[in-house]
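Participant: This is coords22.cif, which holds mmCIF, C-alpha atoms:
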```
data_coords
#
loop_
_atom_site.label_atom_id
_atom_site.label_comp_id
_atom_site.auth_asym_id
_atom_site.auth_seq_id
_atom_site.Cartn_x
_atom_site.Cartn_y
_atom_site.Cartn_z
CA MET A 1 75.10 81.83 71.08
CA ALA A 2 77.72 84.59 70.76
CA THR A 3 76.64 87.20 68.22
CA GLU A 4 78.76 89.52 66.13
CA ASP A 5 77.36 92.40 68.16
CA ALA A 6 78.51 90.81 71.41
CA ARG A 7 82.01 90.32 70.06
CA TYR A 8 82.13 93.88 68.75
CA ARG A 9 81.31 95.20 72.23
CA GLN A 10 84.58 93.70 73.46
CA SER A 11 86.67 95.76 71.03
CA SER A 12 88.50 98.97 71.90
CA GLN A 13 86.64 100.73 69.09
CA TYR A 14 83.36 100.25 70.93
CA GLN A 15 84.61 100.64 74.50
CA LEU A 16 86.86 103.69 73.95
CA TRP A 17 85.73 105.39 70.75
CA SER A 18 81.96 104.98 70.46
CA PHE A 19 79.85 107.92 71.63
CA SER A 20 76.37 109.28 71.25
CA PRO A 21 76.09 112.56 69.32
CA THR A 22 75.35 114.45 72.55
CA ARG A 23 78.35 113.04 74.38
CA LEU A 24 80.69 113.61 71.43
CA ALA A 25 79.61 117.26 71.20
CA ALA A 26 80.14 117.67 74.95
CA MET A 27 83.64 116.21 74.72
CA ARG A 28 84.56 118.59 71.91
CA ASP A 29 83.20 121.56 73.86
CA LYS A 30 85.28 120.53 76.87
CA THR A 31 88.41 120.13 74.72
CA ASN A 32 87.88 123.54 73.15
CA ALA A 33 87.35 125.26 76.53
CA ALA A 34 90.47 123.66 78.02
CA ALA A 35 92.57 124.68 75.02
CA ARG A 36 91.30 128.27 75.14
CA ALA A 37 92.19 128.61 78.81
CA ARG A 38 95.61 127.04 78.37
CA ILE A 39 96.54 129.05 75.27
CA ALA A 40 95.25 132.30 76.78
CA GLU A 41 97.50 131.81 79.79
CA ARG A 42 100.54 131.15 77.61
CA LEU A 43 99.85 134.01 75.22
CA SER A 44 99.42 136.41 78.13
CA SER A 45 102.92 135.59 79.31
CA LEU A 46 104.46 136.54 75.97
CA PRO A 47 105.78 140.12 76.04
CA ALA A 48 105.57 140.49 72.28
CA LEU A 49 101.82 139.96 72.23
CA SER A 50 101.13 143.47 73.52
CA ASN A 51 102.58 144.90 70.30
CA ASN A 52 100.48 142.67 68.05
CA THR A 53 97.41 144.65 67.08
CA SER A 54 96.69 142.96 63.78
CA ALA A 55 95.04 139.90 65.27
CA PRO A 56 91.30 139.96 65.97
CA THR A 57 90.86 140.27 69.69
CA SER A 58 88.25 139.05 72.09
CA SER A 59 88.84 141.93 74.55
CA ALA A 60 90.65 145.24 74.48
CA ASN A 61 93.76 146.03 76.47
CA THR A 62 92.75 146.49 80.07
CA PRO A 63 94.86 148.67 82.38
CA ASN A 64 95.97 146.99 85.59
CA ALA A 65 96.18 148.56 89.03
CA ASP A 66 99.86 149.41 88.58
CA GLY A 67 99.23 151.26 85.32
CA SER A 68 100.42 148.47 82.99
CA SER A 69 98.13 146.98 80.38
CA THR A 70 97.10 143.36 79.93
CA PRO A 71 97.74 142.26 76.32
CA ALA A 72 94.62 141.56 74.31
CA LEU A 73 94.00 137.94 73.40
CA PRO A 74 93.16 136.77 69.89
CA GLU A 75 89.76 135.46 68.93
CA PHE A 76 89.71 131.70 69.45
CA LEU A 77 88.10 129.06 67.28
CA THR A 78 84.70 127.79 68.35
CA PRO A 79 83.89 124.04 68.49
CA PRO A 80 81.92 124.15 65.19
CA GLU A 81 84.82 125.95 63.51
CA GLU A 82 87.25 123.34 64.84
CA ALA A 83 84.99 120.56 63.51
CA GLN A 84 84.90 122.22 60.09
CA LEU A 85 88.69 122.44 59.96
CA VAL A 86 89.01 118.80 61.05
CA THR A 87 86.70 117.83 58.19
CA PHE A 88 88.77 119.86 55.73
CA PHE A 89 92.07 118.34 56.84
CA THR A 90 90.51 114.86 56.77
CA SER A 91 89.74 115.43 53.10
CA GLU A 92 93.34 116.56 52.63
CA LEU A 93 94.49 113.34 54.29
CA LEU A 94 92.42 111.26 51.88
CA ARG A 95 93.84 113.21 48.93
CA ALA A 96 97.36 112.56 50.20
CA GLY A 97 96.56 108.86 50.49
CA ASP A 98 95.29 108.82 46.91
CA HIS A 99 98.47 110.58 45.80
CA ALA A 100 100.60 107.86 47.44
CA GLU A 101 98.30 105.11 46.05
CA MET A 102 97.61 103.70 49.49
CA SER A 103 95.02 101.00 50.07
CA ASP A 104 91.50 101.72 51.28
CA ASP A 105 92.23 100.20 54.69
CA ILE A 106 95.29 102.40 55.25
CA LYS A 107 93.46 105.59 54.29
CA ALA A 108 90.44 104.67 56.41
CA THR A 109 92.61 103.80 59.42
CA ALA A 110 94.60 107.03 59.11
CA ALA A 111 91.40 109.08 58.85
CA ALA A 112 90.00 107.37 61.95
CA PHE A 113 93.26 108.07 63.82
CA PHE A 114 93.18 111.72 62.79
CA ARG A 115 89.57 112.29 63.85
CA ARG A 116 90.01 110.41 67.12
CA PHE A 117 93.06 112.48 68.01
CA TYR A 118 91.18 115.75 67.64
CA VAL A 119 88.36 114.66 69.92
CA THR A 120 90.50 115.05 73.04
CA ASN A 121 93.07 117.44 71.53
CA SER A 122 92.26 120.84 70.12
CA ILE A 123 93.23 121.79 66.60
CA MET A 124 94.57 125.00 68.17
CA THR A 125 97.10 123.00 70.18
CA TYR A 126 98.74 120.70 67.63
CA PRO A 127 99.19 121.49 63.91
CA PRO A 128 96.72 119.51 61.77
CA GLN A 129 98.81 119.93 58.61
CA GLU A 130 101.57 117.95 60.36
CA MET A 131 99.38 115.46 62.21
CA LEU A 132 97.68 114.27 59.04
CA PHE A 133 101.02 112.97 57.72
CA VAL A 134 101.74 111.43 61.11
CA ALA A 135 98.38 109.66 60.95
CA LEU A 136 99.10 108.38 57.44
CA PHE A 137 102.54 107.09 58.40
CA PHE A 138 101.24 105.39 61.53
CA GLY A 139 98.23 104.04 59.63
CA CYS A 140 100.62 102.22 57.31
CA LYS A 141 102.18 100.51 60.32
CA ALA A 142 98.81 99.65 61.86
CA GLU A 143 97.72 97.93 58.65
CA GLY A 144 100.95 95.95 58.29
CA THR A 145 102.53 98.05 55.53
CA PHE A 146 105.97 99.11 56.72
CA VAL A 147 107.46 101.99 54.76
CA SER A 148 110.74 103.67 55.67
CA ILE A 149 110.44 107.23 56.89
CA ALA A 150 112.84 108.39 54.15
CA GLU A 151 110.69 106.85 51.42
CA PHE A 152 107.51 108.18 53.01
CA GLY A 153 108.92 111.69 53.28
CA LYS A 154 110.12 111.58 49.68
CA THR A 155 106.62 110.67 48.50
CA PHE A 156 105.20 113.87 49.97
CA ASP A 157 108.27 116.07 49.38
CA ARG A 158 109.00 116.30 53.09
CA GLU A 159 112.57 117.49 53.53
CA HIS A 160 112.62 116.84 57.27
CA PRO A 161 111.20 113.38 58.15
CA GLU A 162 111.78 114.10 61.85
CA ASP A 163 108.68 116.33 61.68
CA ILE A 164 106.64 113.16 61.18
CA LEU A 165 108.44 111.05 63.77
CA ALA A 166 108.13 113.82 66.37
CA GLY A 167 104.34 113.47 66.44
CA GLU A 168 104.10 109.68 66.35
CA PHE A 169 104.14 109.02 70.10
CA LEU A 170 101.92 112.06 70.61
CA LEU A 171 99.37 110.49 68.26
CA CYS A 172 99.52 107.18 70.16
CA GLN A 173 98.84 109.00 73.42
CA GLY A 174 95.86 110.77 71.88
CA LEU A 175 94.51 107.44 70.63
CA ARG A 176 94.93 105.95 74.11
CA PHE A 177 97.11 103.32 72.38
CA ALA A 178 94.02 101.74 70.78
CA ILE A 179 95.20 101.23 67.21
CA ASP A 180 92.70 98.58 66.09
CA VAL A 181 90.15 100.10 63.71
CA LYS A 182 87.36 97.95 62.29
CA HIS A 183 86.11 98.92 58.84
CA PRO A 184 82.97 98.01 56.84
CA PHE A 185 84.73 96.98 53.61
CA ARG A 186 84.76 93.24 54.29
CA ALA A 187 81.17 93.41 55.54
CA LEU A 188 80.12 94.85 52.18
CA ARG A 189 81.75 91.94 50.37
CA GLY A 190 79.97 89.48 52.65
CA ALA A 191 76.60 91.18 52.08
CA THR A 192 77.13 91.05 48.32
CA MET A 193 77.90 87.34 48.46
CA GLU A 194 74.77 86.79 50.55
CA LEU A 195 72.61 88.65 48.05
CA ALA A 196 74.15 86.66 45.19
CA THR A 197 72.71 83.45 46.66
CA LEU A 198 69.13 84.74 46.51
CA PRO A 199 66.94 83.61 43.60
CA ASP A 200 66.03 85.98 40.76
CA ILE A 201 68.82 88.42 41.59
CA ASP A 202 70.06 90.72 38.84
CA ARG A 203 73.84 90.35 38.79
CA ASN A 204 74.40 93.62 36.96
CA ARG A 205 72.28 95.48 39.49
CA LEU A 206 74.15 93.82 42.33
CA ALA A 207 77.56 94.70 40.88
CA ALA A 208 76.52 98.32 40.36
CA ALA A 209 75.22 98.55 43.93
CA GLU A 210 78.43 97.10 45.34
CA HIS A 211 80.55 99.53 43.34
CA ARG A 212 78.51 102.54 44.45
CA ALA A 213 78.45 101.41 48.09
CA ARG A 214 82.22 100.96 48.09
CA GLU A 215 82.65 104.47 46.73
CA VAL A 216 80.51 105.76 49.59
CA LEU A 217 82.52 103.81 52.16
CA ARG A 218 85.77 105.24 50.83
CA PHE A 219 84.70 108.80 51.63
CA SER A 220 81.43 109.48 53.45
CA PRO A 221 81.94 107.69 56.81
CA LEU A 222 85.59 108.81 56.99
CA ILE A 223 84.82 112.50 56.72
CA THR A 224 81.82 112.40 59.07
CA ASP A 225 81.34 111.10 62.62
CA ALA A 226 79.87 107.77 61.48
CA TYR A 227 82.69 105.72 63.04
CA PHE A 228 81.92 107.27 66.44
CA HIS A 229 78.17 106.53 66.35
CA TYR A 230 77.64 103.29 64.40
CA THR A 231 79.10 99.82 64.02
CA PRO A 232 80.89 98.75 60.81
CA SER A 233 77.94 96.58 59.74
CA GLN A 234 75.49 99.45 60.25
CA ILE A 235 77.71 101.77 58.19
CA MET A 236 77.90 99.13 55.46
CA LEU A 237 74.13 98.70 55.31
CA ALA A 238 73.64 102.48 55.23
CA ALA A 239 76.07 102.78 52.31
CA LEU A 240 74.33 99.91 50.51
CA SER A 241 71.02 101.64 51.12
CA LEU A 242 72.36 104.80 49.48
CA ALA A 243 73.39 102.68 46.51
CA ASP A 244 70.23 100.53 46.24
CA ARG A 245 67.54 100.70 48.90
CA GLY A 246 65.60 97.78 47.44
CA LEU A 247 68.52 95.37 47.74
CA THR A 248 69.15 96.50 51.30
CA GLU A 249 65.55 95.89 52.34
CA ARG A 250 65.61 92.48 50.72
CA LEU A 251 68.82 91.59 52.57
CA MET A 252 67.30 92.75 55.85
CA THR A 253 64.16 90.69 55.26
CA GLN A 254 66.23 87.64 54.42
CA THR A 255 68.41 88.08 57.52
CA PHE A 256 65.78 88.94 60.14
CA HIS A 257 63.19 86.32 59.29
CA HIS A 258 63.32 83.76 62.06
CA VAL A 259 60.12 83.21 63.98
CA ALA A 260 60.02 80.94 67.01
CA PRO A 261 57.63 78.00 66.45
CA PRO A 262 54.52 78.03 68.63
CA PRO A 263 54.20 75.54 71.47
CA ASP A 264 53.18 72.10 70.28
CA ASN A 265 49.66 71.68 71.73
CA SER A 266 48.39 69.24 69.09
CA GLY A 267 48.25 66.35 71.51
CA ALA A 268 51.88 65.28 71.20
CA ASP A 269 52.35 65.40 74.92
CA THR A 270 55.06 63.76 76.90
CA PRO A 271 54.02 60.15 77.55
CA ALA A 272 52.66 59.61 81.02
CA SER A 273 54.66 57.46 83.36
CA SER A 274 52.83 55.05 85.60
CA GLY A 275 53.72 54.86 89.25
CA PRO A 276 52.49 53.10 92.30
CA ASP A 277 49.82 55.76 92.82
CA GLY A 278 48.69 55.91 89.21
CA PRO A 279 49.84 57.61 86.04
CA ALA A 280 51.59 60.99 86.26
CA PRO A 281 50.02 63.95 84.42
CA ALA A 282 51.19 64.56 80.87
CA THR A 283 53.34 67.67 80.15
CA LYS A 284 53.08 69.96 77.16
CA ARG A 285 56.02 70.39 74.82
CA GLY A 286 57.26 73.94 74.20
CA PRO A 287 59.53 75.30 71.49
CA PRO A 288 63.22 74.49 71.83
CA ARG A 289 65.21 76.93 73.89
CA GLY A 290 67.69 77.54 71.08
CA SER A 291 64.86 78.53 68.75
CA GLU A 292 63.65 81.18 71.20
CA ASP A 293 67.15 82.66 71.50
CA LYS A 294 67.50 82.74 67.73
CA ALA A 295 64.20 84.56 67.40
CA GLN A 296 65.39 87.19 69.87
CA ILE A 297 68.48 87.83 67.73
CA ILE A 298 67.19 87.65 64.14
CA GLY A 299 63.45 87.92 64.61
CA PRO A 300 61.21 90.27 62.58
CA HIS A 301 60.78 92.64 65.55
CA ILE A 302 64.55 93.30 65.53
CA ARG A 303 64.42 94.22 61.85
CA ASP A 304 62.43 97.40 62.50
CA GLN A 305 64.93 98.57 65.13
CA VAL A 306 67.89 97.93 62.83
CA LEU A 307 66.20 99.69 59.93
CA GLY A 308 65.70 102.78 62.09
CA THR A 309 69.39 102.85 62.99
CA ILE A 310 70.44 102.32 59.38
CA GLU A 311 68.18 105.15 58.23
CA ALA A 312 69.82 107.54 60.73
CA CYS A 313 73.28 106.48 59.56
CA ARG A 314 72.15 106.85 55.96
CA ASN A 315 71.13 110.46 56.58
CA LEU A 316 74.53 111.16 58.13
CA LEU A 317 76.43 109.71 55.18
CA ALA A 318 74.22 111.60 52.73
CA ARG A 319 75.68 114.88 54.00
CA GLU A 320 79.08 114.01 52.50
CA LEU A 321 78.54 111.92 49.39
CA PRO A 322 81.54 110.98 47.20
CA GLU A 323 80.58 113.78 44.79
CA ARG A 324 81.66 116.26 47.47
CA ARG A 325 85.22 115.00 47.31
CA GLU A 326 86.07 117.90 45.02
CA HIS A 327 84.10 120.32 47.17
CA TRP A 328 86.88 120.71 49.74
CA SER A 329 89.47 121.44 47.05
CA ASP A 330 87.37 123.99 45.18
CA ARG A 331 88.99 127.44 45.21
CA ALA A 332 85.75 129.26 45.90
CA VAL A 333 85.01 127.03 48.89
CA LEU A 334 88.54 127.37 50.21
CA LYS A 335 88.40 131.15 49.94
CA ALA A 336 84.98 131.48 51.55
CA GLN A 337 85.07 128.78 54.26
CA VAL A 338 88.56 127.47 54.93
CA THR A 339 90.98 130.35 54.43
CA PRO A 340 89.36 132.65 57.06
CA LEU A 341 89.46 129.85 59.63
CA ARG A 342 93.10 129.04 58.87
CA LYS A 343 94.03 132.70 59.31
CA LYS A 344 92.17 132.72 62.59
CA LEU A 345 93.95 129.54 63.62
CA SER A 346 97.37 131.02 62.86
CA LYS A 347 96.75 133.74 65.47
CA CYS A 348 95.31 131.62 68.29
CA ARG A 349 97.54 128.55 68.13
CA ASP A 350 99.47 127.26 71.13
CA PRO A 351 102.96 128.84 71.12
CA ASP A 352 104.50 126.00 73.15
CA ARG A 353 103.12 122.96 71.32
CA TRP A 354 102.75 123.99 67.69
CA ASN A 355 106.32 123.01 66.75
CA LEU A 356 106.34 119.23 67.21
CA VAL A 357 110.11 118.84 66.81
CA GLU A 358 110.85 121.53 69.40
CA LEU A 359 108.22 120.08 71.73
CA GLN A 360 109.83 116.65 71.49
CA ARG A 361 113.29 118.13 72.16
CA VAL A 362 112.08 120.00 75.26
CA ARG A 363 110.37 116.91 76.64
CA ARG A 364 113.48 114.82 76.11
CA GLU A 365 115.60 117.39 77.92
CA GLN A 366 113.16 117.46 80.80
CA ALA A 367 113.19 113.67 81.02
CA ALA A 368 117.01 113.64 80.96
CA LYS A 369 117.18 116.24 83.75
CA ARG A 370 114.80 114.21 85.89
CA ALA A 371 116.88 111.09 85.35
CA ASP A 372 120.11 112.93 86.23
CA SER A 373 118.61 114.41 89.40
CA GLU A 374 117.39 111.01 90.54
CA GLU A 375 120.85 109.51 90.00
CA ALA A 376 122.63 112.38 91.79
CA ASP A 377 120.29 112.43 94.79
CA PRO A 378 121.35 109.66 97.24
CA ALA A 379 118.03 109.83 99.03
CA PRO A 380 115.18 109.88 96.54
CA PRO A 381 111.75 111.02 97.69
CA GLY A 382 110.62 107.46 98.39
CA ALA A 383 113.67 106.48 100.41
CA ALA A 384 112.30 107.74 103.72
CA ALA A 385 109.09 105.88 103.19
CA ALA A 386 111.02 102.74 102.32
CA ASN A 387 113.08 103.03 105.50
CA ASN A 388 109.94 103.51 107.56
CA THR A 389 108.43 100.48 105.90
CA ALA A 390 111.49 98.39 106.70
CA ALA A 391 111.43 99.55 110.33
CA GLY A 392 107.74 98.73 110.58
CA ASP A 393 108.36 95.28 109.16
CA GLY A 394 111.00 94.74 111.85
CA THR A 395 108.54 95.49 114.60
CA VAL A 396 105.96 93.15 113.08
CA PHE A 397 108.17 90.18 112.26
CA GLY A 398 110.67 90.57 115.10
CA ASP A 399 114.34 91.52 115.22
CA ALA A 400 116.82 90.50 112.57
CA LEU A 401 118.16 87.00 112.86
CA ALA A 402 121.69 86.52 114.21
CA PRO A 403 124.32 85.41 111.66
CA ARG A 404 124.17 81.71 111.21
CA GLU A 405 127.25 79.69 112.13
CA VAL A 406 128.70 77.43 109.51
CA LYS A 407 127.93 73.87 110.42
CA ARG A 408 131.03 71.73 110.55
CA ARG A 409 130.86 68.25 109.14
CA ARG A 410 131.87 65.42 111.43
CA VAL A 411 134.35 63.41 109.46
CA LEU A 412 134.18 60.45 111.79
CA ASP A 413 130.52 59.96 111.09
CA ASP A 414 131.05 60.10 107.36
CA PRO A 415 129.70 56.78 105.98
CA PHE A 416 132.30 56.90 103.20
CA GLY A 417 135.27 57.15 105.57
CA GLY A 418 137.85 59.82 106.16
CA PRO A 419 139.36 62.14 103.58
CA LEU A 420 141.86 60.69 101.10
#
```
Transcribe the structure of this file into structure tokens.
Facilitator:
Amino acid sequence: MATEDARYRQSSQYQLWSFSPTRLAAMRDKTNAAARARIAERLSSLPALSNNTSAPTSSANTPNADGSSTPALPEFLTPPEEAQLVTFFTSELLRAGDHAEMSDDIKATAAAFFRRFYVTNSIMTYPPQEMLFVALFFGCKAEGTFVSIAEFGKTFDREHPEDILAGEFLLCQGLRFAIDVKHPFRALRGATMELATLPDIDRNRLAAAEHRAREVLRFSPLITDAYFHYTPSQIMLAALSLADRGLTERLMTQTFHHVAPPPDNSGADTPASSGPDGPAPATKRGPPRGSEDKAQIIGPHIRDQVLGTIEACRNLLARELPERREHWSDRAVLKAQVTPLRKKLSKCRDPDRWNLVELQRVRREQAAKRADSEEADPAPPGAAAANNTAAGDGTVFGDALAPREVKRRRVLDDPFGGPL
């Protein structure tokens, strides 16, 4: 019996983008450390940095052995500060999607793309204010809504659409080309239909719970790490629990209710078969095998485990309720929390990768130079190895065969006679 959970484990969302909180934090720490080392090396090679004294520095100018001074490096973002900026720009992405009147699936897919990208890429390396539009444009494609780049750029007053196209392949690389994102919206509709079949259900209460849960799903799991830690059905149940805990518990009780029947020991044994040496002993009947498997999947003991997971997801979603949608656009919050981090980011960003259009142009030139050098070189690096391989094959399979002589046809033996 293949369960929904077993099928979900075959998806790229589970295999590539599902992490425990500890592992996700470790990955972000590793990404931050790698970006700091890489940017520090590039900034140190810039001669103009030694004259920049306005940036906050992590160390003072240190004189070298030859009397020159090593330029001071700016203060880098920490992993918690990067996570806070990613959350802020995710809210900006959702606001942009609302402005363009995009569907819930497109906005959710774009938000998942954006947050996945900045797990293995630092926000100090690639500009988030550009990548959020790249994620929105690519999210439209992933959800089957194909909008021209000119129309998309016009919607957001983007004068240069190539800024969006320049980061598209970069986004795909960061996603590891896994563009399938599974959302909890359809699961919520299915749970509502299941609850509607129960007796004595208040339809008005059910409709209000569905509306509130959908509002939660449109914001809370997208701006938190819920998609990294929980399955779509668990996120749906957590959102429904925030909307109406009583309905959620009733749905869980109705779903995880199966109990395997006890073995039938009431005397209904298997009839004895008589043989030459007498009757064979009777055998007891046990519960059907399928019933035992069903009890292992939707039995009451599973309900307690699922409820514990849903409660943890519920607490995570409660940190960013839909009422906080205006929080990230409040001027006081921006001035106190976001603006200082953006100023800090402007001084510690990667000088070689911040301009996506220039980065794409440099990479194309490098690829063209490699192609030209391979065409101009008559003996590519693998030619010697290929020749050695051919020589080795000759020693294994023998010398080359002599040219085969053309076999002449004997006209006299032709059964159809000579030529006309």
Participant: Give me the residues near Lys30 in chain A as an NGL selection string, where near means some atom within 12 Å (using only C-alpha atoms) and where sequence neighbours in that chain fewer than 2 positions away do not count.
Facilitator: :A and (23-28 or 32-37 or 78-79 or 118-122)
Participant: List the residues selected by the PyMOL selection byres ((chain A and resi 241-247) around 12) in the file shown, writing them as JSON, numbers by chain.
Facilitator: {"A": [188, 191, 192, 194, 195, 196, 198, 200, 201, 202, 203, 205, 206, 207, 208, 209, 210, 211, 212, 213, 214, 215, 216, 217, 220, 234, 235, 236, 237, 238, 239, 240, 248, 249, 250, 251, 252, 253, 254, 307, 310, 311, 312, 313, 314, 315, 316, 317, 318, 319, 320, 321, 322]}
Participant: At a cut-off of 12 Å, can you tabulate as a tab-separated table every residue of range 85-124 of chain A near range 146-152 of chain A together with its closest atom pair and the distance in Å to one decimal, using all atoms listed in the file and ordering rows by chain then number?
Facilitator:
```
residue	atom	partner	partner_atom	distance
A:Ala96	CA	A:Phe152	CA	11.4
A:Gly97	CA	A:Phe152	CA	11.3
A:His99	CA	A:Phe152	CA	11.8
A:Ala100	CA	A:Phe152	CA	8.9
A:Glu101	CA	A:Phe152	CA	11.9
A:Met102	CA	A:Val147	CA	11.3
A:Ile106	CA	A:Phe146	CA	11.3
```
Participant: May I have the selected residues written with C-alpha atoms, as a short mmCIF file (atom, residue, chain, number, x, y, z; two decimals), in the coordinates of the input?
Facilitator:
```cif
data_model
loop_
_atom_site.label_atom_id
_atom_site.label_comp_id
_atom_site.auth_asym_id
_atom_site.auth_seq_id
_atom_site.Cartn_x
_atom_site.Cartn_y
_atom_site.Cartn_z
CA ALA A 96 97.36 112.56 50.20
CA GLY A 97 96.56 108.86 50.49
CA HIS A 99 98.47 110.58 45.80
CA ALA A 100 100.60 107.86 47.44
CA GLU A 101 98.30 105.11 46.05
CA MET A 102 97.61 103.70 49.49
CA ILE A 106 95.29 102.40 55.25
#
```
Participant: Interatomic distance between CA of Arg38 in chain A and CA of Ala166 in chain A?
Facilitator: 21.8 Å
Participant: Just to confirm, what's the straight-line distance from CA of Leu43 in chain A to CA of Asp352 in chain A in Å (one decimal)?
Facilitator: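 Going from CA of Leu43 in chain A over to CA of Asp352 in chain A covers 9.5 Å.
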Participant: Can you work out the spacing between CA of Ala83 in chain A and CA of Thr224 in chain A in Å, to one decimal?
Facilitator: 9.8 Å
Participant: Let me know the residues the PyMOL selection byres ((chain A and resi 126) around 12) catches in the file above, as number ranges by chain.
Facilitator: A: 35, 39, 86, 114, 117-118, 120-125, 127-132, 134, 166-167, 170-171, 174, 345-346, 348-357, 359
Participant: Could the residues in this selection be saved with C-alpha atoms as a PDB file, keeping the file's coordinate frame?
Facilitator:
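Below you can see out.pdb, which holds the result:
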```pdb
ATOM      1  CA  ALA A  35      92.570 124.680  75.020  1.00  0.00           C
ATOM      2  CA  ILE A  39      96.540 129.050  75.270  1.00  0.00           C
ATOM      3  CA  VAL A  86      89.010 118.800  61.050  1.00  0.00           C
ATOM      4  CA  PHE A 114      93.180 111.720  62.790  1.00  0.00           C
ATOM      5  CA  PHE A 117      93.060 112.480  68.010  1.00  0.00           C
ATOM      6  CA  TYR A 118      91.180 115.750  67.640  1.00  0.00           C
ATOM      7  CA  THR A 120      90.500 115.050  73.040  1.00  0.00           C
ATOM      8  CA  ASN A 121      93.070 117.440  71.530  1.00  0.00           C
ATOM      9  CA  SER A 122      92.260 120.840  70.120  1.00  0.00           C
ATOM     10  CA  ILE A 123      93.230 121.790  66.600  1.00  0.00           C
ATOM     11  CA  MET A 124      94.570 125.000  68.170  1.00  0.00           C
ATOM     12  CA  THR A 125      97.100 123.000  70.180  1.00  0.00           C
ATOM     13  CA  PRO A 127      99.190 121.490  63.910  1.00  0.00           C
ATOM     14  CA  PRO A 128      96.720 119.510  61.770  1.00  0.00           C
ATOM     15  CA  GLN A 129      98.810 119.930  58.610  1.00  0.00           C
ATOM     16  CA  GLU A 130     101.570 117.950  60.360  1.00  0.00           C
ATOM     17  CA  MET A 131      99.380 115.460  62.210  1.00  0.00           C
ATOM     18  CA  LEU A 132      97.680 114.270  59.040  1.00  0.00           C
ATOM     19  CA  VAL A 134     101.740 111.430  61.110  1.00  0.00           C
ATOM     20  CA  ALA A 166     108.130 113.820  66.370  1.00  0.00           C
ATOM     21  CA  GLY A 167     104.340 113.470  66.440  1.00  0.00           C
ATOM     22  CA  LEU A 170     101.920 112.060  70.610  1.00  0.00           C
ATOM     23  CA  LEU A 171      99.370 110.490  68.260  1.00  0.00           C
ATOM     24  CA  GLY A 174      95.860 110.770  71.880  1.00  0.00           C
ATOM     25  CA  LEU A 345      93.950 129.540  63.620  1.00  0.00           C
ATOM     26  CA  SER A 346      97.370 131.020  62.860  1.00  0.00           C
ATOM     27  CA  CYS A 348      95.310 131.620  68.290  1.00  0.00           C
ATOM     28  CA  ARG A 349      97.540 128.550  68.130  1.00  0.00           C
ATOM     29  CA  ASP A 350      99.470 127.260  71.130  1.00  0.00           C
ATOM     30  CA  PRO A 351     102.960 128.840  71.120  1.00  0.00           C
ATOM     31  CA  ASP A 352     104.500 126.000  73.150  1.00  0.00           C
ATOM     32  CA  ARG A 353     103.120 122.960  71.320  1.00  0.00           C
ATOM     33  CA  TRP A 354     102.750 123.990  67.690  1.00  0.00           C
ATOM     34  CA  ASN A 355     106.320 123.010  66.750  1.00  0.00           C
ATOM     35  CA  LEU A 356     106.340 119.230  67.210  1.00  0.00           C
ATOM     36  CA  VAL A 357     110.110 118.840  66.810  1.00  0.00           C
ATOM     37  CA  LEU A 359     108.220 120.080  71.730  1.00  0.00           C
TER      38      LEU A 359
END
```
Participant: Taking (91.5, 116.6, 54.5) as a centre in this file's frame and 12 Å as the limit, can you find every polymer residue with an atom that close, using only C-alpha atoms, and give them as a ChimeraX atom specification?
Facilitator: /A:83-98,107,110-112,114-115,128-133,135-136,219,222-224,325-329,334,338
Participant: Save out the residues we just selected, C-alpha atoms, as a short mmCIF file (atom, residue, chain, number, x, y, z; two decimals), in the frame of the given file.
Facilitator:
```cif
data_model
loop_
_atom_site.label_atom_id
_atom_site.label_comp_id
_atom_site.auth_asym_id
_atom_site.auth_seq_id
_atom_site.Cartn_x
_atom_site.Cartn_y
_atom_site.Cartn_z
CA ALA A 83 84.99 120.56 63.51
CA GLN A 84 84.90 122.22 60.09
CA LEU A 85 88.69 122.44 59.96
CA VAL A 86 89.01 118.80 61.05
CA THR A 87 86.70 117.83 58.19
CA PHE A 88 88.77 119.86 55.73
CA PHE A 89 92.07 118.34 56.84
CA THR A 90 90.51 114.86 56.77
CA SER A 91 89.74 115.43 53.10
CA GLU A 92 93.34 116.56 52.63
CA LEU A 93 94.49 113.34 54.29
CA LEU A 94 92.42 111.26 51.88
CA ARG A 95 93.84 113.21 48.93
CA ALA A 96 97.36 112.56 50.20
CA GLY A 97 96.56 108.86 50.49
CA ASP A 98 95.29 108.82 46.91
CA LYS A 107 93.46 105.59 54.29
CA ALA A 110 94.60 107.03 59.11
CA ALA A 111 91.40 109.08 58.85
CA ALA A 112 90.00 107.37 61.95
CA PHE A 114 93.18 111.72 62.79
CA ARG A 115 89.57 112.29 63.85
CA PRO A 128 96.72 119.51 61.77
CA GLN A 129 98.81 119.93 58.61
CA GLU A 130 101.57 117.95 60.36
CA MET A 131 99.38 115.46 62.21
CA LEU A 132 97.68 114.27 59.04
CA PHE A 133 101.02 112.97 57.72
CA ALA A 135 98.38 109.66 60.95
CA LEU A 136 99.10 108.38 57.44
CA PHE A 219 84.70 108.80 51.63
CA LEU A 222 85.59 108.81 56.99
CA ILE A 223 84.82 112.50 56.72
CA THR A 224 81.82 112.40 59.07
CA ARG A 325 85.22 115.00 47.31
CA GLU A 326 86.07 117.90 45.02
CA HIS A 327 84.10 120.32 47.17
CA TRP A 328 86.88 120.71 49.74
CA SER A 329 89.47 121.44 47.05
CA LEU A 334 88.54 127.37 50.21
CA VAL A 338 88.56 127.47 54.93
#
```
